[in-house]
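Chemist: What follows is run06.tsv, made up of TSV, C-alpha atoms and all ligand atoms:
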chain	number	residue	atom	x	y	z
A	9	MET	CA	0.00	0.00	0.00
A	10	GLU	CA	1.34	3.41	-0.96
A	11	GLU	CA	1.38	6.29	1.50
A	12	GLN	CA	-1.61	8.57	1.68
A	13	LYS	CA	-1.03	11.31	-0.87
A	14	VAL	CA	-4.41	12.98	-1.09
A	15	HIS	CA	-6.72	13.04	1.90
A	16	PHE	CA	-10.45	13.06	1.36
A	17	ASN	CA	-11.04	15.96	3.75
A	18	ILE	CA	-8.95	18.18	5.98
A	19	PRO	CA	-11.15	19.90	8.57
A	20	PRO	CA	-11.54	23.65	7.99
A	21	PHE	CA	-9.40	25.84	10.21
A	22	HIS	CA	-8.23	29.43	10.23
A	23	PRO	CA	-5.24	30.35	12.47
A	24	LYS	CA	-7.13	33.32	13.89
A	25	ALA	CA	-9.25	30.72	15.73
A	26	PHE	CA	-6.64	30.64	18.51
A	27	GLN	CA	-6.86	34.39	19.04
A	28	TYR	CA	-10.66	34.38	19.04
A	29	MET	CA	-10.92	31.37	21.32
A	30	GLU	CA	-8.54	33.01	23.78
A	31	ASP	CA	-10.60	36.17	23.61
A	32	ALA	CA	-13.78	34.14	24.24
A	33	VAL	CA	-12.18	32.67	27.37
A	34	LEU	CA	-11.02	36.08	28.60
A	35	ARG	CA	-14.54	37.45	28.15
A	36	GLN	CA	-15.57	34.89	30.78
A	37	LYS	CA	-18.63	33.82	28.83
A	38	ILE	CA	-17.98	30.65	26.93
A	39	CYS	CA	-21.54	29.41	27.48
A	40	GLY	CA	-24.17	29.87	24.77
A	41	ASP	CA	-25.01	33.15	23.04
A	42	GLY	CA	-21.72	34.87	23.83
A	43	HIS	CA	-19.82	37.38	21.72
A	44	TYR	CA	-18.81	35.04	18.86
A	45	THR	CA	-22.11	33.19	18.73
A	46	LYS	CA	-23.79	36.54	18.11
A	47	LYS	CA	-21.25	37.45	15.42
A	48	CYS	CA	-21.81	34.15	13.58
A	49	ALA	CA	-25.59	34.45	13.81
A	50	ALA	CA	-25.56	38.05	12.59
A	51	TRP	CA	-23.36	37.06	9.66
A	52	MET	CA	-25.78	34.30	8.61
A	53	LYS	CA	-28.79	36.49	9.02
A	54	SER	CA	-27.34	39.19	6.78
A	55	GLN	CA	-25.95	36.69	4.24
A	56	THR	CA	-29.33	35.02	3.83
A	57	LYS	CA	-31.64	37.93	4.64
A	58	SER	CA	-33.58	35.61	6.94
A	59	ALA	CA	-35.84	36.94	9.67
A	60	GLY	CA	-33.69	35.09	12.18
A	61	ALA	CA	-30.63	32.85	12.45
A	62	LEU	CA	-29.62	30.87	15.51
A	63	LEU	CA	-26.41	28.94	15.98
A	64	THR	CA	-27.05	25.40	17.20
A	65	THR	CA	-25.09	22.42	18.46
A	66	SER	CA	-25.47	20.62	15.11
A	67	CYS	CA	-27.50	20.54	11.93
A	68	THR	CA	-29.23	17.49	13.39
A	69	HIS	CA	-30.38	19.69	16.28
A	70	ALA	CA	-31.38	22.48	13.93
A	71	LEU	CA	-33.58	19.94	12.12
A	72	GLU	CA	-35.02	18.83	15.47
A	73	MET	CA	-35.84	22.46	16.24
A	74	ALA	CA	-37.54	22.77	12.85
A	75	ALA	CA	-39.60	19.67	13.63
A	76	LEU	CA	-40.66	21.15	16.98
A	77	LEU	CA	-41.41	24.55	15.42
A	78	SER	CA	-43.53	22.83	12.77
A	79	GLY	CA	-45.51	21.01	15.44
A	80	ILE	CA	-44.71	17.61	13.95
A	81	GLY	CA	-46.15	14.83	16.11
A	82	PRO	CA	-47.01	11.12	16.22
A	83	GLY	CA	-48.64	9.82	13.05
A	84	ASP	CA	-47.55	12.79	10.94
A	85	GLU	CA	-45.67	12.23	7.70
A	86	VAL	CA	-42.72	14.10	6.26
A	87	ILE	CA	-41.68	13.72	2.64
A	88	MET	CA	-37.94	13.50	1.99
A	89	PRO	CA	-35.40	11.72	-0.18
A	90	SER	CA	-34.04	8.35	0.92
A	91	TYR	CA	-30.66	9.38	-0.44
A	92	THR	CA	-29.67	11.59	2.50
A	93	PHE	CA	-27.95	11.60	5.86
A	94	VAL	CA	-29.83	9.94	8.73
A	95	SER	CA	-30.50	13.25	10.50
A	96	THR	CA	-32.99	14.39	7.87
A	97	ALA	CA	-35.24	11.52	8.97
A	98	ASP	CA	-34.18	11.27	12.62
A	99	ALA	CA	-35.37	14.77	13.49
A	100	PHE	CA	-38.96	13.89	12.55
A	101	VAL	CA	-38.94	10.26	13.59
A	102	LEU	CA	-37.99	11.42	17.13
A	103	ARG	CA	-41.31	13.28	17.19
A	104	GLY	CA	-43.18	10.12	16.24
A	105	ALA	CA	-43.55	10.96	12.56
A	106	THR	CA	-43.06	8.66	9.58
A	107	ALA	CA	-40.44	9.41	6.96
A	108	VAL	CA	-41.99	9.09	3.51
A	109	PHE	CA	-39.20	8.58	1.01
A	110	VAL	CA	-39.59	9.72	-2.56
A	111	ASP	CA	-37.23	8.95	-5.42
A	112	ILE	CA	-34.46	11.32	-6.43
A	113	ARG	CA	-33.61	12.91	-9.76
A	114	LYS	CA	-30.85	11.19	-11.64
A	115	ASP	CA	-29.12	14.45	-12.57
A	116	THR	CA	-28.80	16.26	-9.21
A	117	MET	CA	-29.42	13.39	-6.75
A	118	ASN	CA	-32.06	15.68	-5.19
A	119	LEU	CA	-35.68	14.90	-4.30
A	120	ASP	CA	-37.67	14.60	-7.54
A	121	GLU	CA	-40.14	17.45	-7.25
A	122	THR	CA	-42.51	15.86	-9.76
A	123	LEU	CA	-43.10	12.88	-7.44
A	124	ILE	CA	-43.91	14.80	-4.25
A	125	GLU	CA	-47.58	15.49	-4.85
A	126	ASP	CA	-48.44	11.82	-5.30
A	127	ALA	CA	-46.91	11.02	-1.88
A	128	ILE	CA	-49.07	13.52	0.00
A	129	THR	CA	-51.72	12.09	2.34
A	130	PRO	CA	-53.98	13.80	4.91
A	131	ARG	CA	-51.21	13.12	7.46
A	132	THR	CA	-48.44	14.87	5.52
A	133	LYS	CA	-47.14	17.87	7.45
A	134	ALA	CA	-43.90	18.85	5.80
A	135	ILE	CA	-41.48	18.42	2.91
A	136	ALA	CA	-37.79	18.19	3.72
A	137	PRO	CA	-35.73	18.79	0.57
A	138	VAL	CA	-31.98	18.16	0.85
A	139	HIS	CA	-29.69	20.27	-1.32
A	140	TYR	CA	-27.18	17.58	-2.17
A	141	ALA	CA	-23.63	18.84	-2.73
A	142	GLY	CA	-24.95	22.37	-2.34
A	143	VAL	CA	-26.96	22.15	-5.56
A	144	ALA	CA	-30.49	23.43	-5.07
A	145	CYS	CA	-33.66	21.38	-5.26
A	146	GLU	CA	-36.42	22.81	-7.47
A	147	MET	CA	-37.58	25.13	-4.70
A	148	ASP	CA	-40.18	27.07	-6.71
A	149	LYS	CA	-42.10	23.90	-7.51
A	150	ILE	CA	-41.64	22.48	-4.01
A	151	CYS	CA	-42.85	25.67	-2.33
A	152	ARG	CA	-45.85	25.84	-4.65
A	153	ILE	CA	-46.89	22.30	-3.69
A	154	ALA	CA	-46.34	23.10	-0.01
A	155	GLU	CA	-48.52	26.17	-0.29
A	156	ARG	CA	-51.31	24.29	-2.03
A	157	TYR	CA	-51.39	21.57	0.65
A	158	GLN	CA	-50.42	23.83	3.59
A	159	LEU	CA	-47.22	21.96	4.33
A	160	LYS	CA	-44.07	23.29	5.96
A	161	VAL	CA	-40.87	23.31	3.94
A	162	ILE	CA	-37.80	22.42	5.99
A	163	GLU	CA	-34.61	22.72	3.96
A	164	ASP	CA	-31.78	20.41	4.92
A	165	ALA	CA	-29.16	22.90	3.76
A	166	ALA	CA	-26.39	21.17	5.74
A	167	GLN	CA	-24.11	21.26	2.69
A	168	ALA	CA	-25.48	24.42	1.15
A	169	ILE	CA	-24.06	27.46	2.91
A	170	LEU	CA	-23.43	30.29	0.41
A	171	CYS	CA	-25.42	28.53	-2.33
A	172	THR	CA	-28.26	30.12	-4.22
A	173	TYR	CA	-31.33	29.20	-6.24
A	174	HIS	CA	-32.20	31.91	-8.78
A	175	GLY	CA	-30.36	34.37	-6.59
A	176	ARG	CA	-32.02	33.32	-3.34
A	177	PRO	CA	-29.83	31.83	-0.59
A	178	LEU	CA	-30.47	28.16	0.14
A	179	GLY	CA	-31.75	27.64	3.66
A	180	ALA	CA	-33.73	30.87	3.51
A	181	ILE	CA	-36.36	29.80	0.97
A	182	GLY	CA	-38.46	27.35	2.99
A	183	ASP	CA	-40.05	27.98	6.40
A	184	TYR	CA	-36.90	26.70	8.08
A	185	GLY	CA	-33.39	26.06	6.83
A	186	CYS	CA	-30.69	24.06	8.58
A	187	TYR	CA	-26.92	24.42	8.14
A	188	SER	CA	-24.14	22.18	9.41
A	189	PHE	CA	-20.77	23.30	10.74
A	190	HIS	CA	-19.51	19.78	11.24
A	191	GLU	CA	-15.84	19.37	10.34
A	192	THR	CA	-16.78	17.65	7.08
A	193	LYS	CA	-18.54	20.78	5.81
A	194	ASN	CA	-17.17	23.95	4.18
A	195	PHE	CA	-17.04	25.80	7.50
A	196	SER	CA	-16.60	24.09	10.81
A	197	MET	CA	-16.93	24.53	14.53
A	198	GLY	CA	-16.19	20.87	15.20
A	199	GLU	CA	-19.81	20.03	15.90
A	200	GLY	CA	-22.37	22.70	15.19
A	201	GLY	CA	-25.06	24.07	12.94
A	202	ALA	CA	-27.66	26.76	12.56
A	203	ILE	CA	-31.34	27.23	11.94
A	204	LEU	CA	-32.62	29.98	9.65
A	205	LEU	CA	-36.11	31.31	10.25
A	206	LYS	CA	-38.18	32.79	7.48
A	207	HIS	CA	-41.02	34.12	9.62
A	208	PRO	CA	-40.38	36.82	12.25
A	209	GLY	CA	-43.19	35.24	14.29
A	210	ASP	CA	-41.03	32.13	14.84
A	211	ILE	CA	-38.05	33.88	16.43
A	212	LEU	CA	-39.26	33.96	20.02
A	213	HIS	CA	-40.59	30.40	19.79
A	214	ALA	CA	-37.26	29.17	18.40
A	215	GLU	CA	-35.31	30.95	21.14
A	216	ILE	CA	-37.49	29.26	23.78
A	217	ILE	CA	-37.07	25.77	22.28
A	218	ARG	CA	-33.31	26.29	22.11
A	219	GLU	CA	-33.08	27.53	25.75
A	220	LYS	CA	-34.59	24.48	27.49
A	221	GLY	CA	-38.11	25.73	26.91
A	222	THR	CA	-37.48	28.99	28.78
A	223	ASN	CA	-37.59	32.63	27.74
A	224	ARG	CA	-34.06	33.20	29.04
A	225	SER	CA	-32.99	34.90	25.77
A	226	GLN	CA	-35.59	37.61	26.37
A	227	PHE	CA	-34.40	37.93	29.95
A	228	PHE	CA	-30.78	38.46	28.81
A	229	ARG	CA	-31.94	41.19	26.44
A	230	GLY	CA	-33.60	42.90	29.41
A	231	GLU	CA	-37.06	42.52	27.89
A	232	ILE	CA	-38.44	40.73	30.97
A	233	ASP	CA	-37.31	40.79	34.62
A	234	LYS	CA	-37.28	37.04	35.25
A	235	TYR	CA	-37.37	34.01	33.03
A	236	SER	CA	-39.51	30.90	33.37
A	237	TRP	CA	-40.41	27.61	31.77
A	238	LYS	CA	-42.72	28.37	28.87
A	239	GLU	CA	-42.94	25.06	27.03
A	240	ALA	CA	-41.11	21.86	26.11
A	241	GLY	CA	-37.64	22.54	24.78
A	242	SER	CA	-34.08	21.36	24.91
A	243	SER	CA	-30.54	22.75	24.97
A	244	TYR	CA	-29.42	23.51	21.46
A	245	LEU	CA	-26.88	26.27	22.23
A	246	PRO	CA	-23.24	25.69	21.38
A	247	SER	CA	-20.40	27.00	23.55
A	248	ASP	CA	-18.98	30.36	22.48
A	249	LEU	CA	-15.57	28.63	22.18
A	250	ASN	CA	-16.89	26.68	19.20
A	251	ALA	CA	-18.42	29.82	17.74
A	252	ALA	CA	-15.05	31.62	18.09
A	253	TYR	CA	-13.41	28.81	16.10
A	254	LEU	CA	-16.09	29.17	13.41
A	255	TRP	CA	-15.98	32.96	13.29
A	256	ALA	CA	-12.34	32.93	12.17
A	257	GLN	CA	-13.49	31.07	9.03
A	258	LEU	CA	-16.68	33.03	8.39
A	259	GLU	CA	-14.64	36.23	8.26
A	260	GLU	CA	-12.82	34.70	5.28
A	261	ALA	CA	-15.84	32.95	3.85
A	262	GLU	CA	-15.76	34.52	0.41
A	263	ALA	CA	-12.14	33.52	-0.16
A	264	VAL	CA	-12.78	29.95	1.01
A	265	HIS	CA	-15.79	29.78	-1.28
A	266	ARG	CA	-13.78	30.99	-4.28
A	267	ARG	CA	-10.98	28.49	-3.69
A	268	ARG	CA	-13.44	25.59	-3.42
A	269	ILE	CA	-15.20	26.62	-6.62
A	270	HIS	CA	-11.82	26.84	-8.33
A	271	SER	CA	-10.98	23.25	-7.28
A	272	TRP	CA	-14.42	22.02	-8.34
A	273	ASN	CA	-14.12	23.68	-11.76
A	274	LEU	CA	-10.67	22.21	-12.29
A	275	TYR	CA	-11.91	18.67	-11.57
A	276	TYR	CA	-14.82	19.24	-13.93
A	277	GLU	CA	-12.66	20.58	-16.72
A	278	LEU	CA	-10.03	17.83	-16.45
A	279	LEU	CA	-12.59	15.00	-16.27
A	280	GLN	CA	-14.74	16.17	-19.15
A	281	ASP	CA	-13.10	13.96	-21.77
A	282	LEU	CA	-13.75	10.88	-19.63
A	283	GLU	CA	-17.42	11.78	-19.61
A	284	GLU	CA	-17.39	12.41	-23.35
A	285	ALA	CA	-15.82	8.98	-23.85
A	286	GLY	CA	-18.76	7.52	-21.94
A	287	HIS	CA	-16.75	6.23	-18.99
A	288	ILE	CA	-18.11	8.37	-16.17
A	289	GLU	CA	-20.80	10.93	-15.46
A	290	LEU	CA	-20.08	14.34	-13.96
A	291	PRO	CA	-22.30	16.33	-11.58
A	292	VAL	CA	-25.11	18.39	-13.08
A	293	VAL	CA	-25.76	21.92	-11.86
A	294	PRO	CA	-29.08	23.17	-13.27
A	295	GLU	CA	-29.41	26.70	-14.56
A	296	GLY	CA	-30.05	29.22	-11.83
A	297	CYS	CA	-28.23	27.17	-9.18
A	298	GLU	CA	-24.95	28.40	-7.71
A	299	HIS	CA	-23.21	25.78	-5.60
A	300	ASN	CA	-20.35	26.13	-3.11
A	301	GLY	CA	-17.86	23.49	-4.20
A	302	HIS	CA	-18.80	21.42	-1.16
A	303	MET	CA	-18.32	18.13	-2.94
A	304	PHE	CA	-17.00	16.77	-6.20
A	305	TYR	CA	-18.47	13.45	-7.20
A	306	ILE	CA	-18.38	11.29	-10.28
A	307	LYS	CA	-20.51	8.32	-11.27
A	308	ALA	CA	-18.90	5.10	-12.38
A	309	GLY	CA	-20.72	2.62	-14.62
A	310	ASP	CA	-22.04	0.50	-11.77
A	311	LEU	CA	-21.37	-0.65	-8.22
A	312	GLU	CA	-18.72	-3.15	-9.27
A	313	GLU	CA	-16.81	-0.56	-11.25
A	314	ARG	CA	-17.06	1.94	-8.42
A	315	THR	CA	-15.68	-0.60	-5.96
A	316	ALA	CA	-12.77	-1.31	-8.27
A	317	LEU	CA	-12.09	2.39	-8.83
A	318	LEU	CA	-12.18	3.16	-5.09
A	319	ARG	CA	-9.76	0.34	-4.46
A	320	TYR	CA	-7.49	1.44	-7.29
A	321	LEU	CA	-7.38	5.03	-5.99
A	322	LYS	CA	-6.64	3.78	-2.50
A	323	GLU	CA	-3.65	1.88	-3.88
A	324	LYS	CA	-2.48	5.17	-5.34
A	325	GLY	CA	-2.73	6.96	-2.00
A	326	ILE	CA	-5.96	8.77	-2.90
A	327	SER	CA	-8.79	8.71	-0.44
A	328	ALA	CA	-12.07	8.70	-2.37
A	329	VAL	CA	-15.30	7.55	-0.73
A	330	PHE	CA	-18.85	6.57	-1.56
A	331	HIS	CA	-21.80	8.26	0.09
A	332	TYR	CA	-25.22	7.55	1.60
A	333	VAL	CA	-26.64	4.08	1.65
A	334	PRO	CA	-30.33	4.86	0.96
A	335	LEU	CA	-32.25	5.18	4.22
A	336	HIS	CA	-35.16	3.01	3.11
A	337	SER	CA	-32.80	0.05	2.89
A	338	SER	CA	-31.60	0.48	6.49
A	339	GLU	CA	-33.01	-1.16	9.59
A	340	ALA	CA	-34.37	2.09	11.06
A	341	GLY	CA	-35.55	3.27	7.66
A	342	GLN	CA	-37.77	0.22	7.36
A	343	LYS	CA	-39.07	0.69	10.88
A	344	TYR	CA	-39.75	4.43	10.73
A	345	GLY	CA	-40.24	5.10	7.07
A	346	ARG	CA	-41.65	3.88	3.80
A	347	PHE	CA	-40.74	4.41	0.20
A	348	HIS	CA	-43.55	5.90	-1.84
A	349	GLY	CA	-43.58	5.00	-5.52
A	350	GLN	CA	-40.82	3.41	-7.50
A	351	ASP	CA	-37.13	3.40	-6.61
A	352	ARG	CA	-35.83	4.11	-10.10
A	353	TYR	CA	-32.75	6.10	-9.24
A	354	THR	CA	-32.15	6.20	-5.47
A	355	THR	CA	-30.49	2.79	-5.17
A	356	ARG	CA	-28.98	2.63	-8.61
A	357	GLU	CA	-27.45	6.09	-8.75
A	358	SER	CA	-26.20	6.05	-5.15
A	359	SER	CA	-24.40	2.77	-5.77
A	360	ARG	CA	-22.28	4.22	-8.56
A	361	LEU	CA	-21.45	7.61	-7.05
A	362	LEU	CA	-18.05	8.29	-5.58
A	363	ARG	CA	-16.69	11.45	-4.01
A	364	LEU	CA	-13.23	12.76	-4.77
A	365	PRO	CA	-10.93	14.57	-2.32
A	366	MET	CA	-12.21	18.07	-1.67
A	367	TYR	CA	-11.23	20.60	0.95
A	368	ASP	CA	-9.98	24.14	1.21
A	369	GLY	CA	-6.24	23.88	0.63
A	370	LEU	CA	-6.38	21.03	-1.89
A	371	LYS	CA	-3.62	21.81	-4.39
A	372	GLU	CA	-3.94	21.97	-8.14
A	373	GLU	CA	-1.28	19.31	-8.61
A	374	GLN	CA	-3.19	17.01	-6.24
A	375	ILE	CA	-6.32	17.41	-8.36
A	376	ARG	CA	-4.28	16.70	-11.49
A	377	TYR	CA	-2.86	13.60	-9.83
A	378	VAL	CA	-6.32	12.32	-8.81
A	379	VAL	CA	-7.64	12.88	-12.33
A	380	SER	CA	-4.66	11.25	-13.99
A	381	GLU	CA	-5.12	8.16	-11.83
A	382	ILE	CA	-8.83	7.96	-12.68
A	383	LYS	CA	-7.88	8.16	-16.34
A	384	GLN	CA	-5.27	5.50	-15.84
A	385	PHE	CA	-7.90	3.25	-14.26
A	386	TYR	CA	-10.23	3.58	-17.23
A	387	ARG	CA	-7.42	3.05	-19.68
A	388	TYR	CA	-6.79	-0.34	-18.08
A	389	THR	CA	-10.30	-1.53	-17.36
A	390	ARG	CA	-12.31	-0.22	-20.26
A	391	GLU	CA	-9.87	-0.13	-23.13
A	392	PRO	CA	-7.91	-3.39	-23.03
A	393	ASN	CA	-6.01	-2.43	-26.19
A	394	ASN	CA	-4.28	0.33	-24.27
A	395	LEU	CA	-2.83	-2.07	-21.79
A	396	PRO	CA	0.94	-1.78	-21.78
A	397	THR	CA	2.09	-5.38	-21.37
A	398	ALA	CA	0.57	-8.72	-20.54
A	399	PRO	CA	2.13	-9.12	-17.08
A	400	SER	CA	0.66	-5.84	-15.87
A	401	ILE	CA	-2.81	-6.89	-17.01
A	402	PHE	CA	-2.54	-9.65	-14.53
A	403	LYS	CA	-1.12	-7.34	-11.89
A	404	ILE	CA	-3.77	-4.70	-12.28
A	405	ASN	CA	-6.62	-7.17	-12.38
A	406	SER	CA	-5.48	-8.99	-9.30
A	407	LYS	CA	-5.07	-5.65	-7.56
A	408	LEU	CA	-8.51	-4.51	-8.53
A	409	PHE	CA	-10.57	-7.61	-8.33
A	410	GLY	CA	-8.50	-9.98	-6.25
A	411	LYS	CA	-8.86	-10.82	-2.54
B	501	LIG	C1	-23.81	16.81	7.53
B	501	LIG	C2	-25.24	16.63	7.26
B	501	LIG	C3	-26.20	16.59	8.30
B	501	LIG	C4	-25.84	16.55	9.75
B	501	LIG	O1	-25.08	17.62	10.19
B	501	LIG	P1	-24.56	17.61	11.71
B	501	LIG	O2	-24.14	19.04	11.91
B	501	LIG	O3	-23.42	16.65	11.78
B	501	LIG	O4	-25.69	17.24	12.60
B	501	LIG	C5	-27.53	16.51	7.94
B	501	LIG	N1	-27.93	16.45	6.66
B	501	LIG	C6	-27.04	16.47	5.64
B	501	LIG	C7	-27.54	16.42	4.24
B	501	LIG	C8	-25.67	16.55	5.91
B	501	LIG	O5	-24.80	16.54	4.89
Show how you would write the structure in this file as structure tokens.
Ligand SMILES: *Cc1c(COP(=O)(O)O)cnc(C)c1O
Modeler:
Amino acid sequence: MEEQKVHFNIPPFHPKAFQYMEDAVLRQKICGDGHYTKKCAAWMKSQTKSAGALLTTSCTHALEMAALLSGIGPGDEVIMPSYTFVSTADAFVLRGATAVFVDIRKDTMNLDETLIEDAITPRTKAIAPVHYAGVACEMDKICRIAERYQLKVIEDAAQAILCTYHGRPLGAIGDYGCYSFHETKNFSMGEGGAILLKHPGDILHAEIIREKGTNRSQFFRGEIDKYSWKEAGSSYLPSDLNAAYLWAQLEEAEAVHRRRIHSWNLYYELLQDLEEAGHIELPVVPEGCEHNGHMFYIKAGDLEERTALLRYLKEKGISAVFHYVPLHSSEAGQKYGRFHGQDRYTTRESSRLLRLPMYDGLKEEQIRYVVSEIKQFYRYTREPNNLPTAPSIFKINSKLFGK
């Protein structure tokens, strides 16, 4: 096995984090809603022009808050893709709701908006679109359906910070939008997230849910002279230390965004001839969608080919990975959810998708190396005439398919 040459992800970090974290400590308020938490929230609110933005302990918790704010309860149904992270479903299932999975679109891997309406029942309460890889779902159509059936729209925008749909920021289009600042995302606070609120009327309610069901936030603003238990809530406030770590990156957000887009575009450009030759498929970004270079994925011919390619890249010191195993095929997915309609693309497309190394700081020559190895792989497996010599056929094949 060769040494690791290209990591899949290196967690986001800006050196100013040390200075800000020290400052947070010296301010003697590293609990929730301190100096840096407020800075991060204000930044998100102005970026997205939302009515409100609250930093949370994770995107999972932001989704849980959205479920509580939407009044989701036992027996309710929430429509979502099966090709997503567990949290999209967990947040609602925890409230006793059923996850109703609908097939994805082959091009964007996002919820197929044309299949939503058929999955609606009298128990449907919300639609939870997931903007995969920071590429927007068809939000106009989704919001129109939601309006017609009086459903909430809860955007899982975990991967979609700084992305837009026809100029509108993702996360700020539906009733609620949830970001993640996990270390696998474009901006990190280790573990963390945020909820964006579209309606001013939700702000106080959200603050109460996030502060153990109390109106302590109002108390700290001096709006009331004592705080009390108002309703059921939890503790979804991160420490200001984590916010200080995040703030160092948000200050430089535009530059990080540009560098990621640059890496993404380079991958795309260099891999285009492989797509033209029919070997792989590249990501599709529909018109009107601006992504954030969160992820670069390609699609191999099928599961077997993907497995071989992943193994080949690993041999070359390149860490590429596959992604979600569809939720409806999991143990909990079968218990708490159901697939509505036909699974035309969810299983098939997810089984051939693989993600290439992508992080801020990835070098151009690393991208060129990854691409050249992918090309090398296809030269060997798909075009036997290009094989250099007989002995290496054997070597490559035993490397790829042996064991
Ligand atoms: C990362 C991610 C989450 C979970 O984020 P956490 O902050 O780790 O809770 C949820 N949904 C999607 C689509 C994600 O990519």
Chemist: Ligand LIG 501 (chain B): which residues are within 10 Å, counting all atoms listed in the file? Reply as a ChimeraX atom specification.
Modeler: /A:64-72,91-99,137-142,163-168,186-193,196-202,302,332
Chemist: Could those residues be written to a file, using C-alpha atoms, as a PDB file, in the coordinates of the input?
Modeler:
ATOM      1  CA  THR A  64     -27.050  25.400  17.200  1.00  0.00           C
ATOM      2  CA  THR A  65     -25.090  22.420  18.460  1.00  0.00           C
ATOM      3  CA  SER A  66     -25.470  20.620  15.110  1.00  0.00           C
ATOM      4  CA  CYS A  67     -27.500  20.540  11.930  1.00  0.00           C
ATOM      5  CA  THR A  68     -29.230  17.490  13.390  1.00  0.00           C
ATOM      6  CA  HIS A  69     -30.380  19.690  16.280  1.00  0.00           C
ATOM      7  CA  ALA A  70     -31.380  22.480  13.930  1.00  0.00           C
ATOM      8  CA  LEU A  71     -33.580  19.940  12.120  1.00  0.00           C
ATOM      9  CA  GLU A  72     -35.020  18.830  15.470  1.00  0.00           C
ATOM     10  CA  TYR A  91     -30.660   9.380  -0.440  1.00  0.00           C
ATOM     11  CA  THR A  92     -29.670  11.590   2.500  1.00  0.00           C
ATOM     12  CA  PHE A  93     -27.950  11.600   5.860  1.00  0.00           C
ATOM     13  CA  VAL A  94     -29.830   9.940   8.730  1.00  0.00           C
ATOM     14  CA  SER A  95     -30.500  13.250  10.500  1.00  0.00           C
ATOM     15  CA  THR A  96     -32.990  14.390   7.870  1.00  0.00           C
ATOM     16  CA  ALA A  97     -35.240  11.520   8.970  1.00  0.00           C
ATOM     17  CA  ASP A  98     -34.180  11.270  12.620  1.00  0.00           C
ATOM     18  CA  ALA A  99     -35.370  14.770  13.490  1.00  0.00           C
ATOM     19  CA  PRO A 137     -35.730  18.790   0.570  1.00  0.00           C
ATOM     20  CA  VAL A 138     -31.980  18.160   0.850  1.00  0.00           C
ATOM     21  CA  HIS A 139     -29.690  20.270  -1.320  1.00  0.00           C
ATOM     22  CA  TYR A 140     -27.180  17.580  -2.170  1.00  0.00           C
ATOM     23  CA  ALA A 141     -23.630  18.840  -2.730  1.00  0.00           C
ATOM     24  CA  GLY A 142     -24.950  22.370  -2.340  1.00  0.00           C
ATOM     25  CA  GLU A 163     -34.610  22.720   3.960  1.00  0.00           C
ATOM     26  CA  ASP A 164     -31.780  20.410   4.920  1.00  0.00           C
ATOM     27  CA  ALA A 165     -29.160  22.900   3.760  1.00  0.00           C
ATOM     28  CA  ALA A 166     -26.390  21.170   5.740  1.00  0.00           C
ATOM     29  CA  GLN A 167     -24.110  21.260   2.690  1.00  0.00           C
ATOM     30  CA  ALA A 168     -25.480  24.420   1.150  1.00  0.00           C
ATOM     31  CA  CYS A 186     -30.690  24.060   8.580  1.00  0.00           C
ATOM     32  CA  TYR A 187     -26.920  24.420   8.140  1.00  0.00           C
ATOM     33  CA  SER A 188     -24.140  22.180   9.410  1.00  0.00           C
ATOM     34  CA  PHE A 189     -20.770  23.300  10.740  1.00  0.00           C
ATOM     35  CA  HIS A 190     -19.510  19.780  11.240  1.00  0.00           C
ATOM     36  CA  GLU A 191     -15.840  19.370  10.340  1.00  0.00           C
ATOM     37  CA  THR A 192     -16.780  17.650   7.080  1.00  0.00           C
ATOM     38  CA  LYS A 193     -18.540  20.780   5.810  1.00  0.00           C
ATOM     39  CA  SER A 196     -16.600  24.090  10.810  1.00  0.00           C
ATOM     40  CA  MET A 197     -16.930  24.530  14.530  1.00  0.00           C
ATOM     41  CA  GLY A 198     -16.190  20.870  15.200  1.00  0.00           C
ATOM     42  CA  GLU A 199     -19.810  20.030  15.900  1.00  0.00           C
ATOM     43  CA  GLY A 200     -22.370  22.700  15.190  1.00  0.00           C
ATOM     44  CA  GLY A 201     -25.060  24.070  12.940  1.00  0.00           C
ATOM     45  CA  ALA A 202     -27.660  26.760  12.560  1.00  0.00           C
ATOM     46  CA  HIS A 302     -18.800  21.420  -1.160  1.00  0.00           C
ATOM     47  CA  TYR A 332     -25.220   7.550   1.600  1.00  0.00           C
TER      48      TYR A 332
END
Chemist: Pick the closest to A:Pro89 from A:Ala154, A:Ala214, A:Val110, A:Ala251: which is it, counting all atoms listed in the file?
Modeler: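 Ranking A:Ala154, A:Ala214, A:Val110, A:Ala251 by distance to A:Pro89, first place goes to A:Val110.
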Chemist: Need to verify the contact set: stretch 233-250 of chain A, 10 Å, all atoms listed in the file, exclusion of same-chain residues closer than 4 positions in sequence. Can you return it as a PyMOL selection string?
Modeler: chain A and resi 25-26+28-33+37-46+62-66+69-70+72-73+76+189+196-202+213-229+254-255
Chemist: So, with all atoms listed in the file as the atoms that count, which of A:Met147, A:Ala180, A:Ile112, A:Ala136 lies closest to A:Ser54?
Modeler: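 Between A:Met147, A:Ala180, A:Ile112, A:Ala136, the residue approaching A:Ser54 most closely is A:Ala180.
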Chemist: Counting only C-alpha atoms, which of A:Leu34, A:Val264, A:Cys48, A:Ile169 gets nearest to A:Gly369?
Modeler: A:Val264
Chemist: Would you kindly return, as a VMD selection string, each protein, DNA or RNA residue with an atom no farther than 10 Å from any atom of A:Glu125, considering only C-alpha atoms and excluding same-chain residues fewer than 5 positions away?
Modeler: chain A and resid 87 150 153 to 154 156 to 157
Chemist: One number please: atom CA of A:Glu146 to atom CA of A:Thr56, in Å, one decimal.
Modeler: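 Computed distance, atom CA of A:Glu146 to atom CA of A:Thr56, equals 18.1 Å.
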